[in-house]
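K.L.:
Would you mind keeping the following structure in view while I ask a few things?
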Amino acid sequence: MKIANYELIFQKRTFSITGFRAIAYRILFVIFGLMTVGFIFLLNGINPLDLFFLSNRSMLRIILILLPHTFVSFIPLLCIAIGLAIPFKARIDNIGAEGQFIMGMLAATWTAMEFPDLPSIVLIPLMFLNGFILGAIWALPVVFFRAKGGFQGADVVVSFLMVFPALYLMQYLVSGPWRDPATGFAFSKILPESAQIPGIPIEIYVPFLDATWNFDPVHISIFLVLIIALVTYYYLFRTEEGIPKTKIGYEINVTGKNPLAGRMAGISFFKVILISMIISGGLAGIAGVAEIAGNKLRLTVNSAGYGFTAIVVAYLGGLNPIGIIFSALFFAALISGGTAINLTGLPVSALDMFSGIILFYVLLSEFFFRYTIKWRRS
Amino acid sequence: MSNMKNSRVLLICVVLVGVVLLSGCTTTSSGKIKAGFIYVGPIGDYGWTNAHDEGRTIVEDKYDWLETVYIESVAEDTASVVAAADTLVEVEQCDVIFTTSFGFMDGTLAAAEKYPDVLFFHCSGFMRDVNVGNYFADFYQLYYLNGLMAGALSPSGELGYVGAFPIPEVIRHINAFTLGARAVNATATVDVRWIYSWYDPTLATNAADALVADGVDMLAFTEDSPAVIQAAEKYDDVYAFSHYSPMQYYGNDSTISGQLVHWDILYDEILSKVNDGTYNNTNLADVDYLWFLKEDAVELGGLFGVPINTIFEDDLKAVDVSGETAYALVMRRLDEMDGPTVTFDPFTGPIKAQNGTIMFADGVQATIPDLFAFMDWFVEGVIGSPS
């Protein structure tokens with residue numbers, strides 16, 4: 001690319017950036033993002049330092065006050081993003097986690113309505129199982145079109161398009177067959193108590209915030225998703241000197257880095273995509289079950305869009321479960337703290353701009369991980 | 001040297017954190033009442049949330065003792081509503097919280113339990129508690145009046161309705177619109193298209209265009225943007241009824257009338273009673289406002305103060321309905337419902353369902369639960385399915 005007398009050269013990096021340097025780069029790009037947003041706020045007459053940290057209504061203070069709420073959004077974000085990291089690592093773009101998430105919510109609601117008399121200890125695991133299965137089924141078309149079809153971008157297109165049948169199916173069910181007969185409004189009945197995932201019954205008064213942290217809304221699925229993160233890390237992501245320690249982890253890695261070499265070495269592309277998409281869809285389904293049975297408690301016509309946010313969470317986390325734990329916390333905190341922007345009197349669309357700019361910088365950092373840029377006088 | 005530098009950085013960090021944390025400790029209480037509003041959409045939606053926000057600003061400007069704050073686009077799940085209430089109580093120290101979406105019902109009750117000292121008012125719901133009251137302003141009388149005009153002015157007798165969701169509220173409004181139309185034109189029909197969204201200008205435009213393509217020349221709708229008005233404005237002989245906000249601005253040549261709300265009337269009533277001590281955190285279990293034309297909570301028209309767009313007045317006066325002009329009929333019905341005593345209700349039998357079953361016998365008037373909880377059926381004359 002040429003600009004005036006200079007030539008811009010994009011060069012693919014030969015060595016990937018890993019470890020602490022990668023973490024530092026990502027944090028740096030998030031800070032660049034915050035600075036850009038801050039500049040825009042400044043143009044609107046709002047002091048970004050007040051907004052972010054200093055004022056009584058700052059994002060930081062609201063995030064701290066809403067810590068339990070942050071954990072509620074953290075649960076689905078983490079679970080979906082861990083699932084996404086696996087196909088992403090193999091360069092399979094599952095951007096339809098939202099649909100798989102919705103199918104998990106449907107599976108949970110159906111199971112709870114069909115077997116309300118089962119004891120919780122049986123019913124809730126059954127809901128998770130069904131959520132995993134239905135979420136995975138919803139991801140399967142991606143496998144076949146990508147592996148067997150001739151079109152390389154099939155994963156992007158098919159996974160995205162599969163979101164809409166799921167969304168419309170949910171809207172149909174809550175407006176029709178599953179509608180709560182007691183009210184006639186477009187939502188299902190509240191799940192029976194046996195199907196509700198209990199919260200953490202802890203209340204802490206925090207003197208410096210003059211607020212009470214009530215962790216009751218934080219359902220114990222949080223432990224499940226953290227275990228999932230660790231197990232996934234152990235079996236799929238753990239590396240020694242940069243090389244994945246497990247066979248399947250190695251195969252996923254090679255497929256992503258160089259599919260041709262993988263095929264030459266006898267790695268089945270179909271097997272890799274099948275396994276990674278089943279886990280990915282299944283984990284999004286599990287997130288849906290947790291969201292319905294732990295937070296929403298009944299199906300409504302809309303879904304919160306965690307499936308889309310989780311894509312950025314996965315990338316900011318460096319496609320590594322441990323990193324994703326932190327990036328999921330970061331984005332969950334942004335969801336809670338976003339209110340601060342609204343309280344300054346700026347329209348709520350400023351919050352979308354905020355998330356959009358952070359997202360942009362996260363994606364930009366991915367670019368710099370792969371390329372170097374050099375200037376040269378021509 | 002580097003050690004000293006590090007410790008200085010550390011010291012600055014500690015001071016900064018301290019400033020942040022201490023800044024949270026200042027509270028503002030001054031005998032004023034602070035009301036917080038939890039909105040489901042953006043205040044710029046030009047529909048539901050916009051109308052609530054207009055009401056909020058009017059009462060805030062009116063009373064010195066009142067301060068207000070709002071949070072927009074809150075998701076309709078329990079945790080999100082409780083989190084919004086956390087912010088309003090813990091950060092903003094609100095005394096009263098209005099939750100302005102039906103989907104906030106579970107969340108409002110949960111937040112009210114968490115903050116027993118705060119008064120909650122949930123709009124359009126039906127569950128109350130000692131510190132949770134309900135309030136709503138409904139349009140079915142206005143949709144009936146709009147139906148009268150649509151029936152009188154439609155050459156084809158084919159009317160269309162772009163509906164948000166098949167819930168009792170929207171079904172009731174479609175039914176009222178149809179009853180009005182058929183009161184002046186016994187063969188009029190209302191074709192319904194669901195868009196399954198409260199705010200989606202694109203879907204609303206598509207639905208309106210599809211209805212026009214099917215021969216419809218009058219459009220009413222439930223969607224929080226002027227998209228349907230703008231769609232009608234594209235065609236020479238298609239007319240529309242504005243919804244929720246003064247949308248006649250967006251189509252002066254094609255907006256006949258519409259439905260307008262005055263949430264300020266309800267907010268004024270409720271907040272004044274909170275201020276004078278009538279309402280407190282122990283006596284809201286029976287507070288359930290359902291206000292109509294009589295209480296001035298709603299108003300007929302596409303612009304405030306203009307019940308019928310003046311360019312359509314002569315057309316309405318030229319239509320004869322059993323001995324009186326359509327214009328006179330609309331004005332008479334409006335007068336009968338405007339109070340002080342209401343002498344007419346659109347949902348008075350005989351009313352038949354789509355399949356011909358008699359739902360309300362001759363002279364029987366529908367009850368509030370009939371209209372607000374159990375209305376999942378369409379009246380005769382509606383084309384489409386109520387689900």
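As shown in the structure tokens, the chain order sets the letters A, B, ...; within each chain, residues go from 1, and ligands are also counted from 1 in the order they appear.
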Determine, counting only C-alpha atoms, which protein, DNA and RNA residues have an atom within 6 Å of an atom of stretch 297-301 of chain B; residues of the same chain fewer than 3 positions away are not included. Present the result as a compact mmCIF listing (two decimals) with N, CA and C atoms, in the first residue's frame.

P.N.:
# COMPACT_ATOMS: atom_id res chain seq x y z
N ALA B 137 -51.97 3.15 31.40
CA ALA B 137 -52.91 3.98 30.65
C ALA B 137 -53.21 3.23 29.37
N LEU B 142 -59.37 4.66 22.20
CA LEU B 142 -58.84 5.44 21.09
C LEU B 142 -58.79 4.61 19.81
N SER B 257 -55.46 10.28 12.39
CA SER B 257 -55.57 10.52 13.83
C SER B 257 -54.59 9.57 14.50
N GLY B 258 -54.84 9.22 15.75
CA GLY B 258 -53.91 8.30 16.40
C GLY B 258 -54.18 8.21 17.89
N GLN B 259 -53.20 7.65 18.59
CA GLN B 259 -53.34 7.48 20.04
C GLN B 259 -52.16 8.18 20.71
N LEU B 260 -52.47 8.98 21.72
CA LEU B 260 -51.42 9.68 22.46
C LEU B 260 -51.58 9.38 23.95
N VAL B 261 -50.46 9.40 24.65
CA VAL B 261 -50.51 9.07 26.07
C VAL B 261 -50.00 10.25 26.88
N HIS B 262 -50.48 10.37 28.09
CA HIS B 262 -49.98 11.39 29.03
C HIS B 262 -49.50 10.68 30.29
N ILE B 265 -49.58 12.58 33.61
CA ILE B 265 -50.77 12.64 34.47
C ILE B 265 -50.65 11.57 35.56
N TRP B 291 -55.95 3.83 33.85
CA TRP B 291 -56.59 5.09 33.46
C TRP B 291 -56.81 5.18 31.96
N PHE B 292 -57.90 5.90 31.65
CA PHE B 292 -58.33 6.01 30.24
C PHE B 292 -58.56 7.48 29.87
N LEU B 293 -59.48 7.68 28.90
CA LEU B 293 -59.84 9.04 28.46
C LEU B 293 -60.37 9.90 29.60
N VAL B 306 -54.85 17.99 18.69
CA VAL B 306 -55.50 17.85 17.38
C VAL B 306 -56.11 16.45 17.28
N PRO B 307 -57.36 16.27 17.72
CA PRO B 307 -57.93 14.91 17.74
C PRO B 307 -58.04 14.29 16.36
N ILE B 308 -58.38 15.13 15.35
CA ILE B 308 -58.45 14.62 13.99
C ILE B 308 -57.68 15.59 13.11

K.L.:
What are the residues of chain A lining chain B at 7 Å or less? Count only C-alpha atoms, and put the answer as a list of chain:residue names.

P.N.:
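In the required form, that comes to A:Phe53, A:Leu54, A:Ser55, A:Asn56, A:Arg57, A:Ile62, A:Leu66, A:His69, A:Ser175, A:Gly176, A:Thr183, A:Gly184, A:Phe185, A:Ala186, A:Phe208, A:Leu209, A:Asp210, A:Ala211, A:Pro217, A:Asn295, A:Lys296, A:Thr339, A:Asn342, A:Leu343, A:Val348.
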
K.L.:
Keeping N, CA and C atoms for every residue in the selection just given, could you write it to a file as a compact mmCIF listing (two decimals), in the first residue's frame?

P.N.:
# COMPACT_ATOMS: atom_id res chain seq x y z
N PHE A 53 -13.40 6.46 36.51
CA PHE A 53 -12.89 6.12 37.84
C PHE A 53 -13.34 7.01 38.98
N LEU A 54 -13.43 8.33 38.75
CA LEU A 54 -13.38 9.22 39.89
C LEU A 54 -14.72 9.60 40.50
N SER A 55 -15.76 9.74 39.67
CA SER A 55 -16.98 10.33 40.24
C SER A 55 -17.74 9.30 41.07
N ASN A 56 -18.75 9.85 41.76
CA ASN A 56 -19.63 9.04 42.57
C ASN A 56 -20.40 8.04 41.72
N ARG A 57 -20.60 8.41 40.44
CA ARG A 57 -21.35 7.54 39.53
C ARG A 57 -20.41 6.90 38.52
N ILE A 62 -19.71 1.68 39.98
CA ILE A 62 -20.92 0.91 39.67
C ILE A 62 -20.57 -0.56 39.45
N LEU A 66 -22.14 -3.48 41.57
CA LEU A 66 -22.90 -4.52 40.87
C LEU A 66 -22.09 -5.81 40.70
N HIS A 69 -23.98 -8.91 39.96
CA HIS A 69 -24.57 -8.90 38.62
C HIS A 69 -23.51 -9.21 37.56
N SER A 175 -44.99 -17.53 22.26
CA SER A 175 -46.24 -16.86 21.89
C SER A 175 -47.37 -17.86 21.73
N GLY A 176 -47.00 -19.14 21.54
CA GLY A 176 -48.03 -20.14 21.28
C GLY A 176 -48.06 -21.26 22.32
N THR A 183 -51.59 -15.78 32.17
CA THR A 183 -51.53 -14.36 31.86
C THR A 183 -51.81 -14.06 30.40
N GLY A 184 -51.50 -14.97 29.51
CA GLY A 184 -51.67 -14.67 28.09
C GLY A 184 -50.53 -13.88 27.50
N PHE A 185 -49.58 -13.45 28.33
CA PHE A 185 -48.46 -12.70 27.78
C PHE A 185 -47.43 -13.64 27.17
N ALA A 186 -46.59 -13.06 26.30
CA ALA A 186 -45.68 -13.90 25.55
C ALA A 186 -44.47 -14.30 26.39
N PHE A 208 -16.76 0.46 52.28
CA PHE A 208 -16.22 1.54 51.45
C PHE A 208 -17.15 1.89 50.28
N LEU A 209 -18.07 0.98 49.92
CA LEU A 209 -19.03 1.28 48.86
C LEU A 209 -20.36 1.73 49.44
N ASP A 210 -20.54 1.53 50.73
CA ASP A 210 -21.82 1.76 51.39
C ASP A 210 -22.91 0.98 50.66
N ALA A 211 -22.60 -0.27 50.31
CA ALA A 211 -23.57 -1.09 49.59
C ALA A 211 -23.44 -2.53 50.07
N PRO A 217 -28.39 -13.78 43.45
CA PRO A 217 -28.65 -13.97 42.01
C PRO A 217 -27.56 -14.78 41.29
N ASN A 295 -31.00 -17.78 36.11
CA ASN A 295 -31.26 -16.34 36.11
C ASN A 295 -32.67 -15.99 35.63
N LYS A 296 -33.00 -16.30 34.37
CA LYS A 296 -34.28 -15.82 33.82
C LYS A 296 -35.49 -16.54 34.41
N THR A 339 -24.07 1.19 32.64
CA THR A 339 -25.10 2.09 33.16
C THR A 339 -24.52 3.47 33.46
N ASN A 342 -24.95 5.92 30.80
CA ASN A 342 -26.33 6.40 30.72
C ASN A 342 -26.63 7.44 31.80
N LEU A 343 -26.05 7.26 32.99
CA LEU A 343 -26.35 8.17 34.09
C LEU A 343 -25.73 9.56 33.87
N VAL A 348 -28.15 5.99 25.41
CA VAL A 348 -27.71 4.62 25.63
C VAL A 348 -26.89 4.12 24.44

K.L.:
Smallest atom-to-atom distance to A:Leu299: which of A:Ala136, A:Val142, A:Ile124, A:Leu167, using only C-alpha atoms?

P.N.:
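Among the listed residues, A:Leu167 lies closest to A:Leu299.
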
K.L.:
Can you list, as number ranges by chain, every residue of stretch 27-158 of chain B that DSSP puts in strand (DSSP E)?

P.N.:
B: 33-38, 66-71, 96-99, 119-123, 132-137, 158

K.L.:
Go ahead and save the residues from that selection, with N, CA and C atoms, as a PDB file, in the first residue's frame.

P.N.:
ATOM      1  N   ILE B  33     -37.665  14.269  46.942  1.00  0.00           N
ATOM      2  CA  ILE B  33     -37.954  12.899  46.533  1.00  0.00           C
ATOM      3  C   ILE B  33     -37.177  12.630  45.261  1.00  0.00           C
ATOM      4  N   LYS B  34     -36.522  11.492  45.229  1.00  0.00           N
ATOM      5  CA  LYS B  34     -35.796  11.145  44.015  1.00  0.00           C
ATOM      6  C   LYS B  34     -36.455   9.927  43.376  1.00  0.00           C
ATOM      7  N   ALA B  35     -36.864  10.085  42.136  1.00  0.00           N
ATOM      8  CA  ALA B  35     -37.532   8.991  41.427  1.00  0.00           C
ATOM      9  C   ALA B  35     -36.627   8.469  40.322  1.00  0.00           C
ATOM     10  N   GLY B  36     -36.477   7.147  40.267  1.00  0.00           N
ATOM     11  CA  GLY B  36     -35.679   6.522  39.221  1.00  0.00           C
ATOM     12  C   GLY B  36     -36.587   5.788  38.252  1.00  0.00           C
ATOM     13  N   PHE B  37     -36.232   5.836  36.979  1.00  0.00           N
ATOM     14  CA  PHE B  37     -37.032   5.163  35.950  1.00  0.00           C
ATOM     15  C   PHE B  37     -36.183   4.101  35.269  1.00  0.00           C
ATOM     16  N   ILE B  38     -36.721   2.895  35.175  1.00  0.00           N
ATOM     17  CA  ILE B  38     -36.032   1.823  34.449  1.00  0.00           C
ATOM     18  C   ILE B  38     -36.786   1.614  33.142  1.00  0.00           C
ATOM     19  N   LEU B  66     -38.936  17.393  43.451  1.00  0.00           N
ATOM     20  CA  LEU B  66     -38.713  16.135  42.728  1.00  0.00           C
ATOM     21  C   LEU B  66     -37.430  16.168  41.911  1.00  0.00           C
ATOM     22  N   GLU B  67     -36.686  15.064  42.010  1.00  0.00           N
ATOM     23  CA  GLU B  67     -35.503  14.898  41.186  1.00  0.00           C
ATOM     24  C   GLU B  67     -35.647  13.541  40.515  1.00  0.00           C
ATOM     25  N   THR B  68     -35.254  13.423  39.247  1.00  0.00           N
ATOM     26  CA  THR B  68     -35.425  12.126  38.583  1.00  0.00           C
ATOM     27  C   THR B  68     -34.141  11.697  37.888  1.00  0.00           C
ATOM     28  N   VAL B  69     -34.070  10.404  37.615  1.00  0.00           N
ATOM     29  CA  VAL B  69     -32.921   9.838  36.908  1.00  0.00           C
ATOM     30  C   VAL B  69     -33.445   8.601  36.183  1.00  0.00           C
ATOM     31  N   TYR B  70     -32.774   8.224  35.092  1.00  0.00           N
ATOM     32  CA  TYR B  70     -33.284   7.054  34.372  1.00  0.00           C
ATOM     33  C   TYR B  70     -32.146   6.184  33.859  1.00  0.00           C
ATOM     34  N   ILE B  71     -32.485   4.920  33.597  1.00  0.00           N
ATOM     35  CA  ILE B  71     -31.558   3.994  32.934  1.00  0.00           C
ATOM     36  C   ILE B  71     -32.298   3.425  31.727  1.00  0.00           C
ATOM     37  N   VAL B  96     -38.197   6.293  45.004  1.00  0.00           N
ATOM     38  CA  VAL B  96     -39.279   5.688  44.230  1.00  0.00           C
ATOM     39  C   VAL B  96     -38.678   5.177  42.932  1.00  0.00           C
ATOM     40  N   ILE B  97     -39.110   3.980  42.503  1.00  0.00           N
ATOM     41  CA  ILE B  97     -38.607   3.462  41.228  1.00  0.00           C
ATOM     42  C   ILE B  97     -39.781   3.034  40.354  1.00  0.00           C
ATOM     43  N   PHE B  98     -39.804   3.531  39.120  1.00  0.00           N
ATOM     44  CA  PHE B  98     -40.808   3.117  38.152  1.00  0.00           C
ATOM     45  C   PHE B  98     -40.157   2.144  37.176  1.00  0.00           C
ATOM     46  N   THR B  99     -40.781   0.994  37.001  1.00  0.00           N
ATOM     47  CA  THR B  99     -40.258   0.030  36.023  1.00  0.00           C
ATOM     48  C   THR B  99     -41.276  -0.023  34.885  1.00  0.00           C
ATOM     49  N   LEU B 119     -40.203   2.552  47.275  1.00  0.00           N
ATOM     50  CA  LEU B 119     -41.512   2.324  46.656  1.00  0.00           C
ATOM     51  C   LEU B 119     -41.308   1.996  45.177  1.00  0.00           C
ATOM     52  N   PHE B 120     -41.921   0.900  44.731  1.00  0.00           N
ATOM     53  CA  PHE B 120     -41.807   0.508  43.330  1.00  0.00           C
ATOM     54  C   PHE B 120     -43.172   0.627  42.656  1.00  0.00           C
ATOM     55  N   PHE B 121     -43.177   1.087  41.420  1.00  0.00           N
ATOM     56  CA  PHE B 121     -44.410   1.094  40.639  1.00  0.00           C
ATOM     57  C   PHE B 121     -44.103   0.435  39.307  1.00  0.00           C
ATOM     58  N   HIS B 122     -44.840  -0.634  39.016  1.00  0.00           N
ATOM     59  CA  HIS B 122     -44.582  -1.380  37.786  1.00  0.00           C
ATOM     60  C   HIS B 122     -45.678  -1.092  36.774  1.00  0.00           C
ATOM     61  N   CYS B 123     -45.269  -0.654  35.595  1.00  0.00           N
ATOM     62  CA  CYS B 123     -46.225  -0.274  34.565  1.00  0.00           C
ATOM     63  C   CYS B 123     -46.698  -1.499  33.791  1.00  0.00           C
ATOM     64  N   VAL B 132     -45.034  -2.471  46.123  1.00  0.00           N
ATOM     65  CA  VAL B 132     -45.107  -2.486  44.655  1.00  0.00           C
ATOM     66  C   VAL B 132     -46.535  -2.194  44.212  1.00  0.00           C
ATOM     67  N   GLY B 133     -46.724  -1.086  43.521  1.00  0.00           N
ATOM     68  CA  GLY B 133     -48.017  -0.771  42.937  1.00  0.00           C
ATOM     69  C   GLY B 133     -47.967  -0.935  41.429  1.00  0.00           C
ATOM     70  N   ASN B 134     -49.135  -0.880  40.783  1.00  0.00           N
ATOM     71  CA  ASN B 134     -49.216  -0.995  39.327  1.00  0.00           C
ATOM     72  C   ASN B 134     -49.875   0.253  38.747  1.00  0.00           C
ATOM     73  N   TYR B 135     -49.526   0.566  37.504  1.00  0.00           N
ATOM     74  CA  TYR B 135     -50.212   1.656  36.815  1.00  0.00           C
ATOM     75  C   TYR B 135     -50.172   1.404  35.320  1.00  0.00           C
ATOM     76  N   PHE B 136     -51.205   1.897  34.643  1.00  0.00           N
ATOM     77  CA  PHE B 136     -51.260   1.726  33.196  1.00  0.00           C
ATOM     78  C   PHE B 136     -52.260   2.707  32.598  1.00  0.00           C
ATOM     79  N   ALA B 137     -51.970   3.151  31.397  1.00  0.00           N
ATOM     80  CA  ALA B 137     -52.915   3.980  30.647  1.00  0.00           C
ATOM     81  C   ALA B 137     -53.207   3.228  29.366  1.00  0.00           C
ATOM     82  N   GLU B 158     -60.892  -2.507   3.323  1.00  0.00           N
ATOM     83  CA  GLU B 158     -59.820  -3.413   3.747  1.00  0.00           C
ATOM     84  C   GLU B 158     -58.786  -2.617   4.535  1.00  0.00           C
TER      85      GLU B 158
END

K.L.:
Which distance in Å separates atom CA of B:Thr57 and atom CA of A:Gly337, to one decimal?

P.N.:
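Between atom CA of B:Thr57 and atom CA of A:Gly337 the gap works out to 24.8 Å.
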
K.L.:
Residues of stretch 5-253 of chain A classed as helix (DSSP H, G or I) by DSSP on the backbone are to be reported as a ChimeraX atom specification.

P.N.:
/A:19-43,48-54,59-65,67-89,97-114,120-148,154-161,163-175,193-195,207-209,221-237,247-253

K.L.:
Using only C-alpha atoms, can you tell me which of A:Ser120, A:Asn258, A:Ser221, A:Thr111 comes closest to A:Ser194?

P.N.:
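Looking only at the distances to A:Ser194, the closest residue turns out to be A:Ser120.
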
K.L.:
What is the distance between atom CA of B:Tyr279 and atom CA of B:Val130, in Å to one decimal?

P.N.:
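These two atoms are separated by 10.3 Å.
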
K.L.:
Excluding A:Ile80 and any residue of its chain fewer than 6 positions from it, enumerate the residues within 12 Å of it, using only C-alpha atoms, and give them as a PyMOL selection string.

P.N.:
chain A and resi 73-74+86-87+94-102+104+132+135+225-226+228-229+277+279-291+305-314+319+321+324-325+328

K.L.:
Mind writing the picked residues with N, CA and C atoms as a short mmCIF file (atom, residue, chain, number, x, y, z; two decimals), in the first residue's frame?

P.N.:
data_model
loop_
_atom_site.label_atom_id
_atom_site.label_comp_id
_atom_site.auth_asym_id
_atom_site.auth_seq_id
_atom_site.Cartn_x
_atom_site.Cartn_y
_atom_site.Cartn_z
N SER A 73 -23.63 -12.23 34.46
CA SER A 73 -23.34 -12.17 33.02
C SER A 73 -22.07 -12.96 32.69
N PHE A 74 -21.19 -13.07 33.68
CA PHE A 74 -19.92 -13.79 33.49
C PHE A 74 -20.18 -15.26 33.15
N ILE A 86 -12.46 -23.33 20.93
CA ILE A 86 -11.99 -24.60 20.36
C ILE A 86 -12.08 -24.60 18.83
N PRO A 87 -13.27 -24.36 18.24
CA PRO A 87 -13.27 -24.26 16.77
C PRO A 87 -12.44 -23.07 16.25
N ASN A 94 -17.27 -20.38 14.17
CA ASN A 94 -18.63 -20.59 14.66
C ASN A 94 -19.13 -19.26 15.22
N ILE A 95 -19.81 -18.48 14.37
CA ILE A 95 -20.30 -17.20 14.88
C ILE A 95 -21.77 -17.30 15.29
N GLY A 96 -22.29 -18.54 15.31
CA GLY A 96 -23.72 -18.70 15.61
C GLY A 96 -23.99 -19.23 17.00
N ALA A 97 -23.10 -18.94 17.95
CA ALA A 97 -23.29 -19.47 19.31
C ALA A 97 -24.61 -18.99 19.91
N GLU A 98 -25.09 -17.82 19.47
CA GLU A 98 -26.35 -17.30 19.98
C GLU A 98 -27.49 -18.31 19.73
N GLY A 99 -27.49 -18.90 18.54
CA GLY A 99 -28.52 -19.88 18.22
C GLY A 99 -28.40 -21.12 19.08
N GLN A 100 -27.16 -21.58 19.27
CA GLN A 100 -26.92 -22.78 20.09
C GLN A 100 -27.29 -22.49 21.55
N PHE A 101 -27.04 -21.25 21.99
CA PHE A 101 -27.40 -20.79 23.33
C PHE A 101 -28.92 -20.83 23.51
N ILE A 102 -29.63 -20.31 22.50
CA ILE A 102 -31.10 -20.29 22.56
C ILE A 102 -31.63 -21.73 22.61
N GLY A 104 -30.24 -24.23 23.90
CA GLY A 104 -30.03 -24.70 25.27
C GLY A 104 -31.15 -24.21 26.19
N PHE A 132 -26.91 -29.59 26.30
CA PHE A 132 -25.67 -29.89 25.57
C PHE A 132 -26.02 -30.55 24.24
N GLY A 135 -27.83 -28.08 21.79
CA GLY A 135 -26.88 -27.07 21.33
C GLY A 135 -25.93 -27.68 20.31
N VAL A 225 -19.18 -23.77 35.32
CA VAL A 225 -18.48 -23.21 34.16
C VAL A 225 -16.99 -23.03 34.45
N LEU A 226 -16.65 -22.74 35.69
CA LEU A 226 -15.22 -22.64 36.01
C LEU A 226 -14.55 -24.01 35.88
N ILE A 228 -15.59 -26.38 33.89
CA ILE A 228 -15.52 -26.61 32.44
C ILE A 228 -14.28 -25.91 31.86
N ALA A 229 -14.04 -24.69 32.32
CA ALA A 229 -12.87 -23.94 31.82
C ALA A 229 -11.58 -24.70 32.12
N MET A 277 -16.92 -28.65 17.01
CA MET A 277 -18.24 -28.03 16.91
C MET A 277 -19.22 -28.65 17.90
N ILE A 279 -18.45 -29.80 20.89
CA ILE A 279 -18.15 -29.19 22.20
C ILE A 279 -18.62 -27.73 22.20
N SER A 280 -18.37 -27.03 21.11
CA SER A 280 -18.72 -25.61 21.04
C SER A 280 -20.22 -25.40 21.17
N GLY A 281 -20.99 -26.11 20.35
CA GLY A 281 -22.44 -25.99 20.41
C GLY A 281 -22.97 -26.46 21.75
N GLY A 282 -22.39 -27.55 22.23
CA GLY A 282 -22.84 -28.11 23.51
C GLY A 282 -22.62 -27.15 24.67
N LEU A 283 -21.45 -26.50 24.69
CA LEU A 283 -21.18 -25.56 25.78
C LEU A 283 -22.09 -24.33 25.69
N ALA A 284 -22.39 -23.88 24.47
CA ALA A 284 -23.34 -22.77 24.33
C ALA A 284 -24.70 -23.21 24.86
N GLY A 285 -25.05 -24.47 24.57
CA GLY A 285 -26.32 -25.02 25.08
C GLY A 285 -26.33 -25.05 26.60
N ILE A 286 -25.22 -25.48 27.19
CA ILE A 286 -25.12 -25.51 28.65
C ILE A 286 -25.28 -24.11 29.23
N ALA A 287 -24.69 -23.12 28.55
CA ALA A 287 -24.83 -21.73 29.00
C ALA A 287 -26.30 -21.32 28.97
N GLY A 288 -27.02 -21.78 27.93
CA GLY A 288 -28.45 -21.46 27.83
C GLY A 288 -29.23 -22.07 28.98
N VAL A 289 -28.91 -23.32 29.32
CA VAL A 289 -29.59 -23.99 30.44
C VAL A 289 -29.34 -23.20 31.73
N ALA A 290 -28.08 -22.84 31.97
CA ALA A 290 -27.73 -22.13 33.20
C ALA A 290 -28.45 -20.78 33.26
N GLU A 291 -28.54 -20.09 32.12
CA GLU A 291 -29.17 -18.77 32.08
C GLU A 291 -30.66 -18.87 32.42
N GLY A 305 -28.15 -11.84 23.81
CA GLY A 305 -27.08 -11.63 22.86
C GLY A 305 -25.70 -12.06 23.35
N TYR A 306 -25.65 -12.87 24.41
CA TYR A 306 -24.36 -13.33 24.94
C TYR A 306 -23.56 -14.08 23.88
N GLY A 307 -24.27 -14.79 22.99
CA GLY A 307 -23.60 -15.61 21.98
C GLY A 307 -22.71 -14.78 21.07
N PHE A 308 -23.10 -13.53 20.83
CA PHE A 308 -22.29 -12.67 19.96
C PHE A 308 -21.15 -12.01 20.75
N THR A 309 -21.47 -11.53 21.96
CA THR A 309 -20.42 -10.90 22.78
C THR A 309 -19.30 -11.91 23.05
N ALA A 310 -19.68 -13.19 23.21
CA ALA A 310 -18.70 -14.21 23.56
C ALA A 310 -17.62 -14.38 22.49
N ILE A 311 -17.92 -14.01 21.24
CA ILE A 311 -16.91 -14.11 20.18
C ILE A 311 -15.72 -13.21 20.53
N VAL A 312 -16.03 -11.98 20.92
CA VAL A 312 -14.96 -11.04 21.29
C VAL A 312 -14.27 -11.51 22.56
N VAL A 313 -15.06 -12.03 23.49
CA VAL A 313 -14.50 -12.53 24.75
C VAL A 313 -13.44 -13.59 24.44
N ALA A 314 -13.78 -14.51 23.52
CA ALA A 314 -12.85 -15.59 23.18
C ALA A 314 -11.55 -15.03 22.60
N LEU A 319 -7.93 -17.01 22.96
CA LEU A 319 -8.38 -18.37 22.66
C LEU A 319 -7.79 -19.37 23.64
N PRO A 321 -8.52 -20.88 27.65
CA PRO A 321 -9.52 -20.85 28.72
C PRO A 321 -9.13 -19.96 29.90
N ILE A 324 -9.56 -16.46 28.88
CA ILE A 324 -10.98 -16.18 28.66
C ILE A 324 -11.69 -15.91 29.99
N ILE A 325 -11.24 -16.56 31.06
CA ILE A 325 -11.84 -16.28 32.37
C ILE A 325 -11.73 -14.78 32.66
N ALA A 328 -13.81 -12.67 30.02
CA ALA A 328 -15.25 -12.77 30.30
C ALA A 328 -15.61 -11.87 31.47
#

K.L.:
Neighbouring residues of A:Phe215 were defined as those with any atom within 9 Å, considering only C-alpha atoms; residues of the same chain fewer than 2 positions away were excluded. Please report them as a VMD selection string.

P.N.:
chain A and resid 67 to 69 71 199 to 204 213 217 to 219
